[in-house]
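One structure below.
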Amino acid sequence: MGLVVAIGLTLFTACGVDTPVSSPSSPPPPGTTTVLTTLPEPSPTTSAPPSSAPSSSTRPPKTGKVVVLDPGHNGGNSGKPGEINKQVPAGRGKTKPCNTTGTSTNSGYTEHAFTWDVSQRISQTLAAKGIRVILTRQNDTGVGPCVNERAAIGNDAAADAVVSIHADGSNSAGAHGFHVAYSAPPLNAQQGEPSVKLATALRDGLRAGGFPISTYLGSNGLAPRADLGGLNLSTRPAALVECGNMRNAAEAAAMASEEGRQQYAAVIAKAIEDYLAG
């Protein structure tokens with residue numbers, strides 16, 4: 001890959017985004033969760049993806065597939081503790097905080113900036129293939145949405161795949177590598193085989209792309225979880241990618257670099273395409 005990295009994972013209670021908005025060309029029916037359906041302007045805290053979505057004259061035929069990308073956390077979460085600490089439904093009869101601030105590298109590069117940048121890059125790649133992409137937040141400066149609201153965005157969109165993007169912040173010695181979480185035991189049919197297939201496709205794609213499997217979380221790159229609200233509340237195939245450990249020097253360097261983020265995005269986008277094709 002031209003870049004030697006180790007990839008790790010973050011455990012999180014909520015993903016962060018500002019209030020999602022719907023595309024002006026296709027407003028949702030009343031009572032549904034509104035979502036962002038067009039690519040946002042690049043956040044000033046991250047590097048812009050290298051290319052823009054194709055113009056209308058070159059846009060590929062629509063595939064009919066819908067993918068919801070959930071960039072973990074949000075840039076404004078730390079300034080609104082009252083909002084992100086409120087308890088919301090988390091599935092399995094439990095509640096948990098609306099969202100969290102996420103982690104960062106030792107040099108201060110934040111998880112929310114990383115997940116936002118990578119999700120934009122994935123979005124552009126998938127959109128160029130005719131796949132409709134919905135982001136759960138439109139920038140990296142907002143607050144929330146809460147974990148239950150993130151799940152509702154994927155549910156309301158009848159998404160073919162919901163993929164949350166995260167990174168870990170473990171201080172355990174030598175902790176590195178990625179893992180992919182899915183809801184288990186399943187609470188509905190979509191959390192069963194479809195979600196396991198999605199998680200496996202993401203695991204296989206990252207491994208084939210040269211990213212190492214987690215040395216400290218999950219088993220063989222997969223982590224069945226019962227405590228992640230966004231997965232518990234999903235009625236669509238859903239998985240959460242912990243791309244790496246931001247406290248590991250090699251992985252932190254990869255995540256903080258534009259080249260590294262593009263590598264993550266390219267591999268994850270291809271894995272999503274492979275899942276949809278299968």
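Letters for chains follow the order of the structure tokens (A, B, ...), residue numbers begin at 1 for each chain, and ligand numbers begin at 1 in the order shown.
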Next on the checklist: From a backbone DSSP assignment, name each residue in range 36-270 of chain A labelled strand (DSSP E or B), as an NGL selection string.
Outcome noted: :A and (36 or 66-71 or 87-91 or 94-97 or 104 or 110 or 132-135 or 161-168 or 178-183 or 213 or 219 or 222-225 or 238-245)
Next on the checklist: as a PyMOL selection string, please: every residue in range 21-267 of chain A that DSSP puts in alpha helix (DSSP H).
Outcome noted: chain A and resi 81-84+111-127+147-156+193-208+229-232+249-256+258-267
Checklist entry - From the list A:Tyr182, A:Trp116, A:Phe211, A:Tyr275, which residue is nearest Glu251 in chain A when using only C-alpha atoms? => result A:Phe211
Contacts between range 133-155 of chain A and range 57-91 of chain A, please, where a residue of range 57-91 of chain A counts if it comes within 7 Å (with only C-alpha atoms); show its shortest atom pair and distance in Å to one decimal, rows by chain and ascending number, as CSV.
residue,atom,partner,partner_atom,distance
A:Val66,CA,A:Val133,CA,5.9
A:Val67,CA,A:Val133,CA,5.0
A:Val68,CA,A:Ile134,CA,4.7
A:Leu69,CA,A:Leu135,CA,5.0
A:Asp70,CA,A:Thr136,CA,5.2
A:His73,CA,A:Gly144,CA,6.8
A:Asn74,CA,A:Asp140,CA,5.5
A:Gly75,CA,A:Thr141,CA,4.4
A:Gly76,CA,A:Gly142,CA,4.7
A:Asn77,CA,A:Val143,CA,4.8
A:Ile84,CA,A:Gly144,CA,6.8
A:Val88,CA,A:Asn148,CA,6.9
A:Pro89,CA,A:Asn148,CA,6.3
A:Ala90,CA,A:Asn148,CA,6.6
Go ahead and dump the residues you just picked, N, CA, C and O atoms, as a compact mmCIF listing (two decimals), in the first residue's frame.
# COMPACT_ATOMS: atom_id res chain seq x y z
N VAL A 66 -28.99 2.24 -1.79
CA VAL A 66 -28.86 3.36 -0.85
C VAL A 66 -27.91 2.96 0.26
O VAL A 66 -28.08 1.91 0.90
N VAL A 67 -26.90 3.79 0.50
CA VAL A 67 -25.94 3.56 1.57
C VAL A 67 -25.96 4.75 2.52
O VAL A 67 -25.88 5.90 2.08
N VAL A 68 -26.09 4.47 3.81
CA VAL A 68 -25.99 5.51 4.83
C VAL A 68 -24.62 5.41 5.48
O VAL A 68 -24.23 4.35 5.98
N LEU A 69 -23.88 6.51 5.43
CA LEU A 69 -22.57 6.60 6.09
C LEU A 69 -22.72 7.45 7.34
O LEU A 69 -23.29 8.54 7.31
N ASP A 70 -22.21 6.93 8.43
CA ASP A 70 -22.36 7.58 9.73
C ASP A 70 -20.99 7.96 10.28
O ASP A 70 -20.34 7.15 10.94
N HIS A 73 -19.23 10.76 15.92
CA HIS A 73 -19.09 11.95 16.74
C HIS A 73 -19.39 13.23 15.95
O HIS A 73 -20.02 13.17 14.91
N ASN A 74 -18.91 14.38 16.43
CA ASN A 74 -19.13 15.65 15.73
C ASN A 74 -18.27 16.71 16.39
O ASN A 74 -18.01 16.64 17.60
N GLY A 75 -17.87 17.71 15.60
CA GLY A 75 -16.94 18.71 16.10
C GLY A 75 -17.47 19.61 17.19
O GLY A 75 -16.70 20.17 17.97
N GLY A 76 -18.80 19.77 17.27
CA GLY A 76 -19.38 20.63 18.29
C GLY A 76 -19.79 19.92 19.57
O GLY A 76 -20.28 20.57 20.50
N ASN A 77 -19.59 18.61 19.64
CA ASN A 77 -20.06 17.85 20.80
C ASN A 77 -19.43 18.31 22.11
O ASN A 77 -20.10 18.39 23.15
N ILE A 84 -25.17 16.25 24.69
CA ILE A 84 -24.65 14.92 24.33
C ILE A 84 -24.67 13.93 25.49
O ILE A 84 -24.54 12.72 25.28
N VAL A 88 -30.68 8.58 26.02
CA VAL A 88 -31.59 8.26 24.91
C VAL A 88 -31.70 6.74 24.80
O VAL A 88 -30.87 6.00 25.32
N PRO A 89 -32.73 6.23 24.11
CA PRO A 89 -32.85 4.78 23.93
C PRO A 89 -31.63 4.21 23.21
O PRO A 89 -31.12 4.81 22.26
N ALA A 90 -31.17 3.05 23.67
CA ALA A 90 -30.01 2.40 23.07
C ALA A 90 -30.29 0.95 22.69
O ALA A 90 -29.38 0.21 22.36
Item to check | Atomic separation - CA of Thr101 in chain A relative to CA of Leu202 in chain A, Å | outcome: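 Between CA of Leu202 in chain A and CA of Thr101 in chain A the gap is 24.7 Å.
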I'd like the neighbourhood of Leu231 in chain A as a tab-separated table (two decimals) with N, CA and C atoms, in the first residue's frame, where a residue qualifies if any of its atoms comes within 12 Å (using only C-alpha atoms), though same-chain residues fewer than 6 positions away should be ignored.
chain	number	residue	atom	x	y	z
A	12	PHE	N	-17.71	3.10	21.26
A	12	PHE	CA	-18.40	4.37	21.38
A	12	PHE	C	-19.84	4.14	21.76
A	13	THR	N	-20.42	5.16	22.34
A	13	THR	CA	-21.82	5.04	22.72
A	13	THR	C	-22.73	5.79	21.78
A	14	ALA	N	-22.18	6.68	20.98
A	14	ALA	CA	-23.01	7.42	20.06
A	14	ALA	C	-22.15	7.99	18.97
A	15	CYS	N	-22.74	8.22	17.82
A	15	CYS	CA	-22.02	8.84	16.73
A	15	CYS	C	-22.40	10.29	16.68
A	70	ASP	N	-22.21	6.93	8.43
A	70	ASP	CA	-22.36	7.58	9.73
A	70	ASP	C	-20.99	7.96	10.28
A	89	PRO	N	-32.73	6.23	24.11
A	89	PRO	CA	-32.85	4.78	23.93
A	89	PRO	C	-31.63	4.21	23.21
A	90	ALA	N	-31.17	3.05	23.67
A	90	ALA	CA	-30.01	2.40	23.07
A	90	ALA	C	-30.29	0.95	22.69
A	91	GLY	N	-31.57	0.55	22.75
A	91	GLY	CA	-31.92	-0.82	22.41
A	91	GLY	C	-31.73	-1.77	23.57
A	92	ARG	N	-32.36	-2.93	23.48
A	92	ARG	CA	-32.29	-3.98	24.50
A	92	ARG	C	-32.74	-3.47	25.87
A	147	VAL	N	-27.49	8.89	19.15
A	147	VAL	CA	-27.32	7.54	18.61
A	147	VAL	C	-28.64	6.99	18.06
A	148	ASN	N	-29.75	7.26	18.74
A	148	ASN	CA	-31.03	6.75	18.25
A	148	ASN	C	-31.46	7.46	16.98
A	149	GLU	N	-31.11	8.73	16.85
A	149	GLU	CA	-31.43	9.48	15.64
A	149	GLU	C	-30.60	8.97	14.46
A	150	ARG	N	-29.37	8.62	14.71
A	150	ARG	CA	-28.52	8.07	13.65
A	150	ARG	C	-29.11	6.77	13.10
A	151	ALA	N	-29.56	5.92	14.02
A	151	ALA	CA	-30.18	4.67	13.58
A	151	ALA	C	-31.43	4.95	12.77
A	152	ALA	N	-32.22	5.93	13.19
A	152	ALA	CA	-33.47	6.25	12.50
A	152	ALA	C	-33.20	6.73	11.07
A	154	GLY	N	-30.88	5.69	8.97
A	154	GLY	CA	-30.74	4.50	8.13
A	154	GLY	C	-32.04	3.75	7.96
A	155	ASN	N	-32.83	3.66	9.03
A	155	ASN	CA	-34.10	2.95	8.96
A	155	ASN	C	-35.07	3.66	8.02
A	161	ALA	N	-27.31	-0.64	3.15
A	161	ALA	CA	-26.19	-0.82	4.07
A	161	ALA	C	-26.01	0.45	4.88
A	162	VAL	N	-25.75	0.29	6.17
A	162	VAL	CA	-25.43	1.40	7.06
A	162	VAL	C	-24.05	1.13	7.63
A	163	VAL	N	-23.13	2.05	7.41
A	163	VAL	CA	-21.75	1.85	7.86
A	163	VAL	C	-21.32	3.05	8.70
A	164	SER	N	-21.00	2.79	9.96
A	164	SER	CA	-20.48	3.83	10.86
A	164	SER	C	-18.95	3.78	10.83
A	180	VAL	N	-14.46	-4.74	13.15
A	180	VAL	CA	-15.78	-4.36	12.63
A	180	VAL	C	-16.83	-4.95	13.56
A	181	ALA	N	-17.68	-4.08	14.11
A	181	ALA	CA	-18.71	-4.50	15.06
A	181	ALA	C	-20.07	-4.64	14.38
A	182	TYR	N	-20.87	-5.56	14.89
A	182	TYR	CA	-22.26	-5.72	14.46
A	182	TYR	C	-23.09	-6.13	15.66
A	183	SER	N	-24.39	-5.91	15.59
A	183	SER	CA	-25.27	-6.17	16.73
A	183	SER	C	-25.47	-7.67	16.93
A	184	ALA	N	-25.22	-8.14	18.15
A	184	ALA	CA	-25.41	-9.56	18.45
A	184	ALA	C	-25.67	-9.72	19.95
A	185	PRO	N	-26.58	-10.61	20.32
A	185	PRO	CA	-27.44	-11.38	19.40
A	185	PRO	C	-28.40	-10.47	18.65
A	186	PRO	N	-28.78	-10.87	17.44
A	186	PRO	CA	-29.62	-10.00	16.61
A	186	PRO	C	-31.00	-9.77	17.22
A	187	LEU	N	-31.52	-8.57	16.98
A	187	LEU	CA	-32.85	-8.21	17.47
A	187	LEU	C	-33.89	-8.24	16.37
A	188	ASN	N	-33.46	-8.38	15.13
A	188	ASN	CA	-34.37	-8.49	14.00
A	188	ASN	C	-33.63	-9.19	12.86
A	190	GLN	N	-32.64	-8.26	9.91
A	190	GLN	CA	-31.57	-7.53	9.25
A	190	GLN	C	-30.29	-7.48	10.09
A	191	GLN	N	-30.43	-7.62	11.40
A	191	GLN	CA	-29.25	-7.68	12.26
A	191	GLN	C	-28.61	-9.05	12.25
A	192	GLY	N	-29.28	-10.01	11.64
A	192	GLY	CA	-28.73	-11.35	11.54
A	192	GLY	C	-27.78	-11.49	10.37
A	195	SER	N	-26.36	-8.27	8.33
A	195	SER	CA	-25.37	-7.46	9.03
A	195	SER	C	-24.05	-8.21	9.20
A	196	VAL	N	-24.12	-9.50	9.44
A	196	VAL	CA	-22.89	-10.28	9.55
A	196	VAL	C	-22.15	-10.30	8.21
A	199	ALA	N	-20.53	-6.84	7.80
A	199	ALA	CA	-19.34	-6.74	8.65
A	199	ALA	C	-18.19	-7.58	8.10
A	224	PRO	N	-18.88	-9.03	17.62
A	224	PRO	CA	-20.32	-9.00	17.92
A	224	PRO	C	-20.54	-8.21	19.20
A	225	ARG	N	-21.47	-7.25	19.17
A	225	ARG	CA	-21.66	-6.35	20.30
A	225	ARG	C	-23.15	-6.21	20.63
A	237	PRO	N	-29.25	-3.62	7.41
A	237	PRO	CA	-27.91	-4.20	7.59
A	237	PRO	C	-26.95	-3.11	8.04
A	238	ALA	N	-26.32	-3.30	9.18
A	238	ALA	CA	-25.50	-2.24	9.77
A	238	ALA	C	-24.23	-2.81	10.39
A	239	ALA	N	-23.15	-2.04	10.28
A	239	ALA	CA	-21.88	-2.42	10.89
A	239	ALA	C	-21.11	-1.15	11.24
A	240	LEU	N	-20.21	-1.29	12.19
A	240	LEU	CA	-19.39	-0.17	12.64
A	240	LEU	C	-17.91	-0.53	12.47
A	241	VAL	N	-17.19	0.30	11.75
A	241	VAL	CA	-15.77	0.06	11.50
A	241	VAL	C	-14.93	0.89	12.45
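Distance check against Pro194 in chain A using only C-alpha atoms: of A:Leu276, A:Gln124, A:Ser257, A:Ala250, the minimum falls on A:Leu276.
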Next on the checklist: So the first atom is CA of Gly102 in chain A and the second is CA of Asp117 in chain A; what is the distance between them in Å, to one decimal place?
Outcome noted: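 Answer for the CA of Gly102 in chain A to CA of Asp117 in chain A separation: 14.8 Å.
Atom pair CA of Gly174 in chain A / CA of Glu258 in chain A: separated by 24.1 Å.
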Next on the checklist: Need to verify the contact set: Gly278 in chain A, 12 Å, only C-alpha atoms, exclusion of same-chain residues closer than 4 positions in sequence. Can you return it as a ChimeraX atom specification?
Outcome noted: /A:160,194,197-198,201,271-274
Item to check | Top pick for closest residue to Met246 in chain A, considering A:Asp227, A:Glu111, A:Asp204, A:Asp156 and counting only C-alpha atoms | outcome: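 Answer, going by the shortest atom-to-atom distance: A:Glu111.
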Next on the checklist: Please determine, counting only C-alpha atoms, which residue among A:Gly221, A:Gly64, A:Gly72, A:Pro81 has the shortest atom-to-atom distance to Phe114 in chain A.
Outcome noted: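 Comparing A:Gly221, A:Gly64, A:Gly72, A:Pro81 against Phe114 in chain A, the winner is A:Gly72.
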Next on the checklist: So that I can see what lies close to His176 in chain A, please list as a VMD selection string the residues with an atom at most 12 Å from it, counting only C-alpha atoms and leaving out residues fewer than 5 positions away in the same chain.
Outcome noted: chain A and resid 5 to 10 167 to 171 211 to 218 221 242 to 252
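If you count only C-alpha atoms and ignore residues fewer than 3 places along the chain from Lys62 in chain A, what sits within 10 Å of it is Arg59, Lys65, Val66, Ala127, Ala128, Lys129, Gly130, Ile131 and Arg132 of chain A.
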Suppose we keep all heavy atoms; can you now write the selection as a PDB file, in the first residue's frame?
ATOM      1  N   ARG A  59     -22.693  11.709 -14.885  1.00  0.00           N
ATOM      2  CA  ARG A  59     -23.087  10.877 -13.759  1.00  0.00           C
ATOM      3  C   ARG A  59     -23.529   9.504 -14.236  1.00  0.00           C
ATOM      4  O   ARG A  59     -24.304   9.385 -15.184  1.00  0.00           O
ATOM      5  CB  ARG A  59     -24.217  11.561 -12.986  1.00  0.00           C
ATOM      6  CG  ARG A  59     -24.557  10.885 -11.665  1.00  0.00           C
ATOM      7  CD  ARG A  59     -25.541  11.708 -10.863  1.00  0.00           C
ATOM      8  NE  ARG A  59     -24.931  12.954 -10.419  1.00  0.00           N
ATOM      9  CZ  ARG A  59     -25.408  14.146 -10.707  1.00  0.00           C
ATOM     10  NH1 ARG A  59     -26.494  14.269 -11.448  1.00  0.00           N
ATOM     11  NH2 ARG A  59     -24.800  15.232 -10.267  1.00  0.00           N
ATOM     12  N   LYS A  65     -29.397   1.444  -5.251  1.00  0.00           N
ATOM     13  CA  LYS A  65     -28.888   1.124  -3.917  1.00  0.00           C
ATOM     14  C   LYS A  65     -28.742   2.386  -3.083  1.00  0.00           C
ATOM     15  O   LYS A  65     -28.407   3.459  -3.585  1.00  0.00           O
ATOM     16  CB  LYS A  65     -27.536   0.420  -4.013  1.00  0.00           C
ATOM     17  CG  LYS A  65     -27.563  -0.897  -4.785  1.00  0.00           C
ATOM     18  CD  LYS A  65     -28.381  -1.953  -4.077  1.00  0.00           C
ATOM     19  CE  LYS A  65     -28.270  -3.298  -4.788  1.00  0.00           C
ATOM     20  NZ  LYS A  65     -29.070  -4.349  -4.090  1.00  0.00           N
ATOM     21  N   VAL A  66     -28.985   2.243  -1.789  1.00  0.00           N
ATOM     22  CA  VAL A  66     -28.863   3.361  -0.851  1.00  0.00           C
ATOM     23  C   VAL A  66     -27.907   2.956   0.265  1.00  0.00           C
ATOM     24  O   VAL A  66     -28.080   1.914   0.900  1.00  0.00           O
ATOM     25  CB  VAL A  66     -30.222   3.742  -0.246  1.00  0.00           C
ATOM     26  CG1 VAL A  66     -30.057   4.862   0.778  1.00  0.00           C
ATOM     27  CG2 VAL A  66     -31.204   4.145  -1.328  1.00  0.00           C
ATOM     28  N   ALA A 127     -20.880   7.494  -4.854  1.00  0.00           N
ATOM     29  CA  ALA A 127     -21.754   8.294  -5.705  1.00  0.00           C
ATOM     30  C   ALA A 127     -21.318   8.226  -7.160  1.00  0.00           C
ATOM     31  O   ALA A 127     -22.148   8.240  -8.075  1.00  0.00           O
ATOM     32  CB  ALA A 127     -21.773   9.747  -5.228  1.00  0.00           C
ATOM     33  N   ALA A 128     -20.011   8.131  -7.378  1.00  0.00           N
ATOM     34  CA  ALA A 128     -19.491   8.033  -8.741  1.00  0.00           C
ATOM     35  C   ALA A 128     -19.858   6.713  -9.397  1.00  0.00           C
ATOM     36  O   ALA A 128     -19.757   6.580 -10.628  1.00  0.00           O
ATOM     37  CB  ALA A 128     -17.970   8.197  -8.728  1.00  0.00           C
ATOM     38  N   LYS A 129     -20.303   5.737  -8.596  1.00  0.00           N
ATOM     39  CA  LYS A 129     -20.741   4.441  -9.116  1.00  0.00           C
ATOM     40  C   LYS A 129     -22.253   4.364  -9.232  1.00  0.00           C
ATOM     41  O   LYS A 129     -22.803   3.296  -9.505  1.00  0.00           O
ATOM     42  CB  LYS A 129     -20.239   3.320  -8.206  1.00  0.00           C
ATOM     43  CG  LYS A 129     -18.720   3.268  -8.044  1.00  0.00           C
ATOM     44  CD  LYS A 129     -18.022   2.936  -9.342  1.00  0.00           C
ATOM     45  CE  LYS A 129     -16.517   2.909  -9.181  1.00  0.00           C
ATOM     46  NZ  LYS A 129     -16.028   1.835  -8.288  1.00  0.00           N
ATOM     47  N   GLY A 130     -22.957   5.465  -9.019  1.00  0.00           N
ATOM     48  CA  GLY A 130     -24.406   5.483  -9.147  1.00  0.00           C
ATOM     49  C   GLY A 130     -25.154   5.075  -7.899  1.00  0.00           C
ATOM     50  O   GLY A 130     -26.361   4.829  -7.950  1.00  0.00           O
ATOM     51  N   ILE A 131     -24.449   5.007  -6.766  1.00  0.00           N
ATOM     52  CA  ILE A 131     -25.067   4.627  -5.498  1.00  0.00           C
ATOM     53  C   ILE A 131     -25.508   5.884  -4.760  1.00  0.00           C
ATOM     54  O   ILE A 131     -24.748   6.849  -4.654  1.00  0.00           O
ATOM     55  CB  ILE A 131     -24.077   3.829  -4.632  1.00  0.00           C
ATOM     56  CG1 ILE A 131     -23.697   2.525  -5.343  1.00  0.00           C
ATOM     57  CG2 ILE A 131     -24.659   3.546  -3.247  1.00  0.00           C
ATOM     58  CD1 ILE A 131     -22.501   1.822  -4.737  1.00  0.00           C
ATOM     59  N   ARG A 132     -26.735   5.901  -4.278  1.00  0.00           N
ATOM     60  CA  ARG A 132     -27.210   7.043  -3.493  1.00  0.00           C
ATOM     61  C   ARG A 132     -26.617   6.968  -2.093  1.00  0.00           C
ATOM     62  O   ARG A 132     -26.738   5.943  -1.407  1.00  0.00           O
ATOM     63  CB  ARG A 132     -28.734   7.046  -3.404  1.00  0.00           C
ATOM     64  CG  ARG A 132     -29.287   8.233  -2.617  1.00  0.00           C
ATOM     65  CD  ARG A 132     -30.778   8.136  -2.428  1.00  0.00           C
ATOM     66  NE  ARG A 132     -31.268   9.226  -1.583  1.00  0.00           N
ATOM     67  CZ  ARG A 132     -32.309   9.138  -0.785  1.00  0.00           C
ATOM     68  NH1 ARG A 132     -33.001   8.012  -0.721  1.00  0.00           N
ATOM     69  NH2 ARG A 132     -32.700  10.173  -0.062  1.00  0.00           N
TER      70      ARG A 132
END
Checklist entry - Could you pull the residues within 8 Å of Arg121 in chain A, counting only C-alpha atoms, minus those fewer than 3 positions along the same chain, as a ChimeraX atom specification? => result /A:49,117-118,124-125,262,265-266
Checklist entry - With only C-alpha atoms as the basis for distance, which of A:Thr103, A:Ser78, A:Thr63, A:Ser123 is at the shortest distance from Ile268 in chain A? => result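 Ranked by minimum distance to Ile268 in chain A, first place goes to A:Ser123.
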